[in-house]
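S.K.: See query-v8.cif below, with mmCIF, C-alpha atoms.
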```
data_final
#
loop_
_atom_site.label_atom_id
_atom_site.label_comp_id
_atom_site.auth_asym_id
_atom_site.auth_seq_id
_atom_site.Cartn_x
_atom_site.Cartn_y
_atom_site.Cartn_z
CA MET E 1 2.63 26.47 -28.73
CA HIS E 2 0.17 26.22 -25.88
CA MET E 3 0.59 27.59 -22.41
CA LYS E 4 -1.48 27.59 -19.27
CA ILE E 5 -2.83 30.87 -18.00
CA ILE E 6 -5.62 31.72 -15.58
CA VAL E 7 -8.69 33.44 -16.97
CA ASN E 8 -11.31 34.55 -14.45
CA ASN E 9 -10.00 32.13 -11.87
CA LYS E 10 -9.98 29.16 -14.28
CA GLU E 11 -6.87 27.50 -15.63
CA THR E 12 -7.04 27.79 -19.40
CA GLU E 13 -4.76 26.50 -22.14
CA VAL E 14 -4.24 29.04 -24.90
CA SER E 15 -1.92 29.77 -27.78
CA ALA E 16 -2.53 33.54 -27.61
CA THR E 17 0.41 35.70 -26.56
CA THR E 18 -1.34 39.06 -26.65
CA ILE E 19 -4.65 40.29 -25.28
CA PRO E 20 -6.40 40.72 -28.67
CA GLU E 21 -5.34 37.18 -29.59
CA LEU E 22 -6.65 35.89 -26.27
CA VAL E 23 -9.98 37.65 -26.67
CA THR E 24 -10.35 36.17 -30.17
CA GLU E 25 -9.30 32.72 -29.01
CA LEU E 26 -11.86 32.79 -26.21
CA GLY E 27 -14.52 33.81 -28.71
CA MET E 28 -15.31 37.03 -26.89
CA PRO E 29 -16.25 40.32 -28.55
CA GLU E 30 -13.47 42.94 -28.34
CA LYS E 31 -16.06 45.62 -27.70
CA GLY E 32 -17.43 46.21 -24.25
CA ILE E 33 -14.82 44.42 -22.19
CA ALA E 34 -11.93 45.38 -19.95
CA VAL E 35 -8.93 43.13 -19.33
CA ALA E 36 -6.75 43.02 -16.24
CA LEU E 37 -3.37 41.30 -15.93
CA SER E 38 -2.32 40.55 -12.33
CA ARG E 39 -5.30 42.65 -11.13
CA GLN E 40 -4.14 45.70 -13.10
CA MET E 41 -6.34 46.88 -15.96
CA VAL E 42 -4.46 47.00 -19.24
CA PRO E 43 -5.36 50.13 -21.24
CA ARG E 44 -6.60 49.29 -24.72
CA GLU E 45 -3.61 50.95 -26.39
CA LYS E 46 -1.36 48.47 -24.57
CA TRP E 47 -3.35 45.37 -25.50
CA ASN E 48 -1.07 44.52 -28.41
CA SER E 49 2.20 45.18 -26.65
CA THR E 50 1.34 43.31 -23.44
CA ARG E 51 2.85 39.81 -23.65
CA LEU E 52 1.02 36.98 -21.98
CA GLU E 53 3.33 34.54 -20.27
CA GLU E 54 2.84 31.10 -18.73
CA GLY E 55 0.75 31.43 -15.57
CA ALA E 56 -0.53 34.90 -16.43
CA ASP E 57 -3.48 35.83 -14.20
CA ILE E 58 -6.15 37.43 -16.39
CA ILE E 59 -9.51 38.86 -15.41
CA ILE E 60 -11.88 39.80 -18.21
CA VAL E 61 -14.73 42.08 -17.15
CA LYS E 62 -17.73 42.68 -19.37
CA ALA E 63 -19.32 46.11 -19.51
CA VAL E 64 -22.82 45.68 -18.14
CA CYS E 65 -25.42 48.42 -17.95
CA GLY E 66 -28.26 46.98 -15.91
CA GLY E 67 -29.67 48.90 -13.00
CA MET U 1 -30.24 60.93 17.40
CA GLU U 2 -31.57 57.61 18.66
CA ARG U 3 -32.36 56.76 15.03
CA TYR U 4 -28.69 56.79 14.04
CA SER U 5 -27.29 55.45 17.32
CA ARG U 6 -25.95 52.20 15.86
CA GLN U 7 -23.90 53.88 13.14
CA ILE U 8 -22.81 56.70 15.43
CA LEU U 9 -21.30 53.96 17.59
CA LEU U 10 -18.91 53.25 14.72
CA LYS U 11 -15.73 55.19 15.40
CA GLU U 12 -15.48 55.81 11.64
CA ILE U 13 -18.77 57.75 11.76
CA GLY U 14 -19.53 59.09 15.24
CA GLU U 15 -21.41 62.37 15.81
CA GLU U 16 -19.12 64.21 13.40
CA GLY U 17 -19.69 61.72 10.61
CA GLN U 18 -23.42 61.81 11.16
CA LYS U 19 -23.35 65.58 10.65
CA LYS U 20 -21.48 65.04 7.38
CA ILE U 21 -24.09 62.49 6.29
CA ALA U 22 -26.87 64.95 7.16
CA ALA U 23 -25.13 67.63 5.10
CA GLY U 24 -24.80 65.24 2.14
CA ARG U 25 -26.46 66.00 -1.17
CA VAL U 26 -26.79 62.87 -3.27
CA LEU U 27 -28.54 62.35 -6.61
CA VAL U 28 -29.71 58.81 -7.34
CA VAL U 29 -30.11 58.39 -11.10
CA GLY U 30 -32.53 55.57 -11.81
CA ALA U 31 -35.02 54.32 -9.23
CA GLY U 32 -35.07 50.67 -10.25
CA GLY U 33 -33.27 47.57 -9.04
CA LEU U 34 -30.13 49.40 -7.92
CA GLY U 35 -31.85 52.70 -7.13
CA SER U 36 -34.24 51.04 -4.69
CA PRO U 37 -31.69 49.76 -2.17
CA VAL U 38 -29.38 52.72 -2.77
CA ALA U 39 -32.09 55.29 -2.04
CA LEU U 40 -33.52 53.32 0.91
CA TYR U 41 -30.14 52.92 2.60
CA LEU U 42 -29.10 56.53 1.99
CA ALA U 43 -32.41 57.77 3.43
CA ALA U 44 -32.20 55.39 6.38
CA ALA U 45 -28.62 56.50 7.09
CA GLY U 46 -29.81 60.11 7.20
CA VAL U 47 -28.41 61.63 4.00
CA GLY U 48 -29.94 65.08 4.29
CA HIS U 49 -30.80 65.81 0.69
CA ILE U 50 -31.60 63.07 -1.81
CA GLY U 51 -32.66 63.55 -5.42
CA ILE U 52 -34.32 60.74 -7.35
CA ALA U 53 -34.22 61.00 -11.15
CA ASP U 54 -36.39 58.63 -13.17
CA ASP U 55 -39.04 59.16 -15.85
CA ASP U 56 -40.39 55.62 -15.70
CA ILE U 57 -43.55 54.27 -14.10
CA VAL U 58 -43.86 51.22 -11.86
CA SER U 59 -44.80 48.05 -13.75
CA GLU U 60 -45.50 44.45 -12.77
CA SER U 61 -42.07 43.18 -13.89
CA ASN U 62 -40.36 45.68 -11.58
CA LEU U 63 -41.68 44.16 -8.36
CA GLN U 64 -39.35 41.14 -8.44
CA ARG U 65 -36.35 43.37 -7.60
CA GLN U 66 -37.33 47.02 -7.19
CA ILE U 67 -38.01 46.83 -3.48
CA LEU U 68 -39.20 50.43 -3.14
CA TYR U 69 -42.50 49.50 -4.78
CA THR U 70 -45.59 47.45 -4.02
CA GLU U 71 -48.50 46.28 -6.17
CA ALA U 72 -50.47 49.39 -5.26
CA ASP U 73 -47.79 51.55 -6.94
CA LYS U 74 -48.23 50.07 -10.42
CA GLY U 75 -48.78 52.80 -12.99
CA LEU U 76 -47.36 55.57 -10.78
CA TYR U 77 -44.15 57.51 -11.40
CA LYS U 78 -41.25 55.75 -9.72
CA ALA U 79 -39.56 58.96 -8.62
CA SER U 80 -42.75 60.21 -6.94
CA VAL U 81 -43.45 56.92 -5.20
CA ALA U 82 -39.80 56.62 -4.19
CA ALA U 83 -39.78 60.13 -2.72
CA SER U 84 -42.85 59.47 -0.58
CA LYS U 85 -41.54 56.07 0.58
CA LEU U 86 -38.20 57.59 1.56
CA LEU U 87 -39.91 60.40 3.46
CA SER U 88 -42.11 57.91 5.30
CA LEU U 89 -38.93 56.06 6.26
CA ASN U 90 -37.16 59.25 7.36
CA SER U 91 -39.02 62.53 7.70
CA ASN U 92 -35.86 64.35 8.82
CA ILE U 93 -34.47 64.44 5.31
CA GLN U 94 -35.37 66.20 2.07
CA VAL U 95 -36.19 64.17 -1.00
CA VAL U 96 -36.70 65.72 -4.42
CA PRO U 97 -38.18 63.66 -7.29
CA HIS U 98 -36.99 64.52 -10.81
CA LEU U 99 -39.58 63.04 -13.17
CA TYR U 100 -37.57 63.27 -16.35
CA ARG U 101 -35.06 61.19 -18.23
CA LEU U 102 -31.54 62.39 -17.73
CA ASP U 103 -29.79 63.13 -21.03
CA SER U 104 -27.04 65.34 -22.38
CA SER U 105 -29.45 68.31 -22.69
CA ASN U 106 -30.45 68.41 -19.01
CA ALA U 107 -27.77 66.49 -17.12
CA ILE U 108 -25.61 69.50 -16.18
CA ASP U 109 -28.60 71.23 -14.57
CA ALA U 110 -29.82 68.00 -12.99
CA VAL U 111 -26.57 67.34 -11.12
CA ALA U 112 -25.97 70.99 -10.17
CA GLY U 113 -27.34 70.84 -6.64
CA TYR U 114 -25.59 67.62 -5.67
CA ASP U 115 -22.12 66.56 -4.51
CA ILE U 116 -22.37 62.86 -5.29
CA ILE U 117 -24.14 61.23 -8.23
CA VAL U 118 -25.01 57.55 -7.80
CA ASP U 119 -25.50 55.90 -11.17
CA CYS U 120 -28.31 53.35 -10.90
CA SER U 121 -29.36 53.77 -14.52
CA ASP U 122 -30.12 50.88 -16.86
CA ASN U 123 -28.45 51.90 -20.13
CA PHE U 124 -25.02 52.78 -21.49
CA GLN U 125 -26.07 56.16 -22.89
CA THR U 126 -27.05 57.55 -19.48
CA ARG U 127 -23.87 56.13 -17.98
CA TYR U 128 -21.61 57.84 -20.54
CA THR U 129 -23.59 61.07 -20.07
CA LEU U 130 -23.20 60.95 -16.29
CA ASP U 131 -19.49 60.19 -16.66
CA GLU U 132 -19.07 63.22 -18.89
CA VAL U 133 -21.16 65.59 -16.77
CA CYS U 134 -19.62 64.52 -13.45
CA SER U 135 -16.16 64.96 -14.92
CA LEU U 136 -16.99 68.44 -16.26
CA SER U 137 -18.63 69.61 -13.06
CA GLY U 138 -16.28 67.93 -10.59
CA LYS U 139 -18.90 65.70 -8.99
CA ILE U 140 -18.15 62.37 -7.39
CA TYR U 141 -19.53 59.68 -9.67
CA VAL U 142 -20.45 56.42 -7.94
CA TYR U 143 -20.79 53.91 -10.75
CA GLY U 144 -22.50 50.55 -10.41
CA ALA U 145 -24.04 48.15 -12.88
CA ILE U 146 -25.51 44.66 -12.91
CA GLN U 147 -26.47 41.89 -15.27
CA GLY U 148 -27.58 38.40 -14.40
CA PHE U 149 -25.72 37.37 -11.25
CA GLU U 150 -22.84 39.80 -11.78
CA GLY U 151 -22.18 43.33 -10.69
CA GLN U 152 -19.45 45.96 -10.62
CA VAL U 153 -18.82 49.20 -8.74
CA SER U 154 -16.27 51.99 -9.02
CA VAL U 155 -16.00 55.61 -7.87
CA PHE U 156 -14.76 58.27 -10.24
CA GLY U 157 -13.90 61.90 -9.75
CA GLY U 158 -12.26 61.95 -6.33
CA THR U 159 -8.98 63.64 -5.57
CA GLY U 160 -6.22 61.61 -7.10
CA SER U 161 -8.65 59.78 -9.38
CA SER U 162 -8.01 60.84 -12.96
CA LEU U 163 -9.59 57.91 -14.75
CA ARG U 164 -13.12 57.93 -16.01
CA TYR U 165 -15.79 55.37 -16.82
CA ARG U 166 -15.11 55.80 -20.54
CA ASP U 167 -11.45 54.92 -19.93
CA LEU U 168 -12.59 51.64 -18.36
CA PHE U 169 -15.11 50.87 -21.10
CA PRO U 170 -14.46 53.01 -24.20
CA SER U 171 -17.34 51.27 -25.97
CA PRO U 172 -20.46 49.54 -24.68
CA SER U 173 -21.24 45.86 -24.89
CA ASP U 174 -23.85 44.66 -27.40
CA ASP U 175 -25.32 42.31 -24.83
CA VAL U 176 -27.83 44.32 -22.81
CA SER U 177 -29.97 41.45 -21.56
CA PRO U 178 -32.21 42.59 -18.66
CA ALA U 179 -32.12 39.13 -17.06
CA THR U 180 -31.35 39.31 -13.35
CA ILE U 181 -32.61 38.35 -9.90
CA GLY U 182 -33.33 40.83 -7.12
CA MET U 183 -30.39 39.83 -4.96
CA THR U 184 -27.88 41.03 -7.57
CA PRO U 185 -28.90 44.71 -7.36
CA ALA U 186 -29.38 44.25 -3.59
CA VAL U 187 -25.71 43.33 -3.13
CA VAL U 188 -24.37 45.84 -5.64
CA GLY U 189 -26.70 48.66 -4.53
CA GLY U 190 -25.65 48.12 -0.92
CA VAL U 191 -22.01 48.54 -1.91
CA MET U 192 -22.80 51.66 -3.96
CA ALA U 193 -24.72 53.31 -1.12
CA HIS U 194 -21.88 52.56 1.26
CA GLU U 195 -19.29 54.05 -1.11
CA ALA U 196 -21.38 57.25 -1.04
CA ILE U 197 -21.40 57.21 2.77
CA LYS U 198 -17.62 56.60 2.82
CA VAL U 199 -17.10 59.59 0.55
CA LEU U 200 -19.38 61.79 2.70
CA CYS U 201 -17.72 60.80 5.99
CA GLY U 202 -14.20 60.36 4.64
CA TYR U 203 -13.44 56.90 6.01
CA GLY U 204 -12.25 53.64 4.53
CA GLU U 205 -10.78 52.91 1.15
CA VAL U 206 -13.10 54.33 -1.48
CA LEU U 207 -13.06 52.54 -4.85
CA TYR U 208 -11.22 55.41 -6.56
CA ASN U 209 -9.16 54.04 -9.48
CA LYS U 210 -10.49 50.59 -8.67
CA LEU U 211 -13.22 48.37 -10.03
CA TRP U 212 -14.92 45.96 -7.65
CA THR U 213 -16.65 43.00 -9.23
CA ILE U 214 -18.85 40.27 -7.80
CA ASP U 215 -20.21 37.09 -9.37
CA LEU U 216 -22.98 35.70 -7.19
CA MET U 217 -22.85 32.35 -9.05
CA THR U 218 -19.30 31.55 -7.95
CA MET U 219 -18.99 34.24 -5.23
CA HIS U 220 -15.73 35.27 -6.84
CA SER U 221 -15.01 38.91 -6.19
CA TYR U 222 -12.14 41.03 -7.46
CA ILE U 223 -10.72 44.48 -6.87
CA LEU U 224 -8.98 45.54 -10.07
CA ASN U 225 -6.68 48.55 -10.30
CA LEU U 226 -7.66 50.90 -13.10
#
```
Would you give me this structure, written as C-alpha cells?

M.R.:
Amino acid sequence: MHMKIIVNNKETEVSATTIPELVTELGMPEKGIAVALSRQMVPREKWNSTRLEEGADIIIVKAVCGG
Amino acid sequence: MERYSRQILLKEIGEEGQKKIAAGRVLVVGAGGLGSPVALYLAAAGVGHIGIADDDIVSESNLQRQILYTEADKGLYKASVAASKLLSLNSNIQVVPHLYRLDSSNAIDAVAGYDIIVDCSDNFQTRYTLDEVCSLSGKIYVYGAIQGFEGQVSVFGGTGSSLRYRDLFPSPSDDVSPATIGMTPAVVGGVMAHEAIKVLCGYGEVLYNKLWTIDLMTMHSYILNL
C-alpha cells in the first residue's frame, strides 16, 4: 500500500511504514544520516518503532564534515 | 569604542555585552572555508582572545573560499597567516596560532584556555574528538559543517543541553566530497560566529538541542529539535 508523505519538502509516495524501510526505499545509506519527523529528530533506537503515517513530514539530514 | 559603535547600539549587546565579547576566549579549530569567516567576524566583533588551530599550509585551491588568504600567502602556515591578518584587522585583541593538528592526544590541552570551541574542521575524526573533549571539559561546542551547497549548525554543551554531536550522528557518512563554493561556508560560518557571540553575550535563542540546516540550492532552511 502506498501513501503520500513529505520528504525534505517534497511530496513522495512510499510504501515504507518505518524509518529504516523509508531509508532503504529512498536508496539512502543508513549510516551518516539523521531523520526528523515533524521537525523532531528521531533517535536511532526509535527508528523501528516510529510509524510513518499518511502526510508524515520527514526531514533527512546527511552528516557532512566539510569546513 | 568607536570601532564597536554599531553593535553597541544593539540593545542585545550594548556596553555590557561588548565587555563580555572582549572577555571571550574562543578557539577556532580549522582555518579554512568556515574558519576564515568565523575568525574574521569574531576578531572584528572584538572577541578578546582567539586561538586558531590548523596544521595546514595555504594552497592554490584554498583561495576560492578561504577568504583569510591571498596569493602571496601560498605555502605559509594558515594559522600564522590567519593570526597576523586578524591582528591587522583588530590590534586590540589577542590571537594565538596553534600550528598543530588537533587529535585525541592533544585536544584536552588545546581547548584548556578557551570557553567556546568553534568547530570549523574538515573531517569527522576531528569533529568526534572535539565533541568528546568539549563534553569532558564542559566547553561550549559550536558545531558547523558544509558540503556542496548545504550546511548545518548546532551548539552543544550549554546548560540544559544534554545531547552531543555523536547522538545526532552516531556514525559518519562515507561521502566526504570536498566539492563546494565559497558562499556555502560564508553563510554557515557567519551563523557559527554569531552563535558564539550570542553565547558570550547571553542573548537570543542559541541553537542548543537544535540543528539548523540550510540548502543554498533551494534556500530551504530548517530548525530541527534534537

S.K.: Hey, can you check how far CA of Phe169 in chain U sits from CA of Phe156 in chain U?

M.R.: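 We find that CA of Phe169 in chain U and CA of Phe156 in chain U lie 13.1 Å from each other.
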
S.K.: Do a neighbour search on range 55-66 of chain U at 8 Å with all atoms listed in the file, toss out local chain neighbours closer than 3 positions, and write the hits as number ranges by chain.

M.R.: U: 31-36, 69-71, 73-79, 98-101, 181-183, 185

S.K.: Would you output that residue set with C-alpha atoms, as a PDB file, keeping the file's coordinate frame?

M.R.:
```pdb
ATOM      1  CA  ALA U  31     -35.020  54.320  -9.230  1.00  0.00           C
ATOM      2  CA  GLY U  32     -35.070  50.670 -10.250  1.00  0.00           C
ATOM      3  CA  GLY U  33     -33.270  47.570  -9.040  1.00  0.00           C
ATOM      4  CA  LEU U  34     -30.130  49.400  -7.920  1.00  0.00           C
ATOM      5  CA  GLY U  35     -31.850  52.700  -7.130  1.00  0.00           C
ATOM      6  CA  SER U  36     -34.240  51.040  -4.690  1.00  0.00           C
ATOM      7  CA  TYR U  69     -42.500  49.500  -4.780  1.00  0.00           C
ATOM      8  CA  THR U  70     -45.590  47.450  -4.020  1.00  0.00           C
ATOM      9  CA  GLU U  71     -48.500  46.280  -6.170  1.00  0.00           C
ATOM     10  CA  ASP U  73     -47.790  51.550  -6.940  1.00  0.00           C
ATOM     11  CA  LYS U  74     -48.230  50.070 -10.420  1.00  0.00           C
ATOM     12  CA  GLY U  75     -48.780  52.800 -12.990  1.00  0.00           C
ATOM     13  CA  LEU U  76     -47.360  55.570 -10.780  1.00  0.00           C
ATOM     14  CA  TYR U  77     -44.150  57.510 -11.400  1.00  0.00           C
ATOM     15  CA  LYS U  78     -41.250  55.750  -9.720  1.00  0.00           C
ATOM     16  CA  ALA U  79     -39.560  58.960  -8.620  1.00  0.00           C
ATOM     17  CA  HIS U  98     -36.990  64.520 -10.810  1.00  0.00           C
ATOM     18  CA  LEU U  99     -39.580  63.040 -13.170  1.00  0.00           C
ATOM     19  CA  TYR U 100     -37.570  63.270 -16.350  1.00  0.00           C
ATOM     20  CA  ARG U 101     -35.060  61.190 -18.230  1.00  0.00           C
ATOM     21  CA  ILE U 181     -32.610  38.350  -9.900  1.00  0.00           C
ATOM     22  CA  GLY U 182     -33.330  40.830  -7.120  1.00  0.00           C
ATOM     23  CA  MET U 183     -30.390  39.830  -4.960  1.00  0.00           C
ATOM     24  CA  PRO U 185     -28.900  44.710  -7.360  1.00  0.00           C
TER      25      PRO U 185
END
```

S.K.: Could you tell me which residues the PyMOL selection byres ((chain E) within 6 of (chain U)) grabs in this file, written as an mmCIF file with C-alpha atoms, keeping the file's coordinate frame?

M.R.:
```
data_model
loop_
_atom_site.group_PDB
_atom_site.id
_atom_site.type_symbol
_atom_site.label_atom_id
_atom_site.label_comp_id
_atom_site.auth_asym_id
_atom_site.auth_seq_id
_atom_site.Cartn_x
_atom_site.Cartn_y
_atom_site.Cartn_z
ATOM 1 C CA LYS E 31 -16.060 45.620 -27.700
ATOM 2 C CA GLY E 32 -17.430 46.210 -24.250
ATOM 3 C CA ARG E 39 -5.300 42.650 -11.130
ATOM 4 C CA GLN E 40 -4.140 45.700 -13.100
ATOM 5 C CA MET E 41 -6.340 46.880 -15.960
ATOM 6 C CA ALA E 63 -19.320 46.110 -19.510
ATOM 7 C CA VAL E 64 -22.820 45.680 -18.140
ATOM 8 C CA CYS E 65 -25.420 48.420 -17.950
ATOM 9 C CA GLY E 66 -28.260 46.980 -15.910
ATOM 10 C CA GLY E 67 -29.670 48.900 -13.000
#
```

S.K.: Would you translate the PyMOL selection byres ((chain E and resi 44) around 10) into the concrete set of residues it matches in this file, as a VMD selection string?

M.R.: (chain E and resid 19 to 20 33 to 35 41 to 43 45 to 49) or (chain U and resid 167 to 170)

S.K.: Please, what distance in Å, to one decimal, runs between CA of Phe149 in chain U and CA of Gly55 in chain E?

M.R.: 27.5 Å

S.K.: Hey, can you check how far CA of Glu2 in chain U sits from CA of Leu40 in chain U?

M.R.: 18.4 Å

S.K.: With only C-alpha atoms as the counted atoms, please give the residues lying no more than 8 Å from Ala23 in chain U, apart from itself and same-chain residues fewer than 3 positions off, as number ranges by chain.

M.R.: U: 19-20, 47-49

S.K.: Taking into account only C-alpha atoms, which residue in the set U:Ile117, U:Leu216, U:Met192, U:Leu200 is nearest to Gly157 in chain U?

M.R.: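 Looking at the shortest contact to Gly157 in chain U, the residue is U:Ile117.
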
S.K.: Extract, using only C-alpha atoms, all DNA, RNA and protein residues at most 12 Å from Glu11 in chain E, discarding same-chain residues fewer than 2 positions from it, and format them as a list of chain:residue names.

M.R.: E:Met3, E:Lys4, E:Ile5, E:Ile6, E:Val7, E:Asn8, E:Asn9, E:Glu13, E:Val14, E:Glu54, E:Gly55, E:Ala56, E:Asp57, E:Ile58, E:Ile59

S.K.: Kindly export the residues of the current selection with C-alpha atoms, as a PDB file, in the frame of the given file.

M.R.:
```
ATOM      1  CA  MET E   3       0.590  27.590 -22.410  1.00  0.00           C
ATOM      2  CA  LYS E   4      -1.480  27.590 -19.270  1.00  0.00           C
ATOM      3  CA  ILE E   5      -2.830  30.870 -18.000  1.00  0.00           C
ATOM      4  CA  ILE E   6      -5.620  31.720 -15.580  1.00  0.00           C
ATOM      5  CA  VAL E   7      -8.690  33.440 -16.970  1.00  0.00           C
ATOM      6  CA  ASN E   8     -11.310  34.550 -14.450  1.00  0.00           C
ATOM      7  CA  ASN E   9     -10.000  32.130 -11.870  1.00  0.00           C
ATOM      8  CA  GLU E  13      -4.760  26.500 -22.140  1.00  0.00           C
ATOM      9  CA  VAL E  14      -4.240  29.040 -24.900  1.00  0.00           C
ATOM     10  CA  GLU E  54       2.840  31.100 -18.730  1.00  0.00           C
ATOM     11  CA  GLY E  55       0.750  31.430 -15.570  1.00  0.00           C
ATOM     12  CA  ALA E  56      -0.530  34.900 -16.430  1.00  0.00           C
ATOM     13  CA  ASP E  57      -3.480  35.830 -14.200  1.00  0.00           C
ATOM     14  CA  ILE E  58      -6.150  37.430 -16.390  1.00  0.00           C
ATOM     15  CA  ILE E  59      -9.510  38.860 -15.410  1.00  0.00           C
TER      16      ILE E  59
END
```

S.K.: Under the rule that all atoms listed in the file are counted, which of U:Ser104, U:Thr159, U:Ser154, U:Ser91 is the nearest residue to Leu130 in chain U?

M.R.: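 Among the listed residues, the smallest separation from Leu130 in chain U belongs to U:Ser104.
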
S.K.: How would you write, as a list in words, the residues chosen by the PyMOL selection byres ((chain U and resi 3-13) around 8) on this structure?

M.R.: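 Selected by the PyMOL selection byres ((chain U and resi 3-13) around 8) in this file: Met1, Glu2, Gly14, Glu15, Glu16, Gly17, Gln18, Ala45, Gly46, Cys201 and Tyr203 of chain U.
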
S.K.: Taking all atoms listed in the file into account, which of E:Thr50, E:Pro29, E:Ser38, E:Thr24 comes nearest Lys62 in chain E?

M.R.: E:Pro29

S.K.: For each of U:Ala39, U:Asp103, U:Gly51, U:Gly138, take the minimum atom-to-atom distance to Leu89 in chain U, counting all atoms listed in the file, then give the residue where this is smallest.

M.R.: U:Ala39
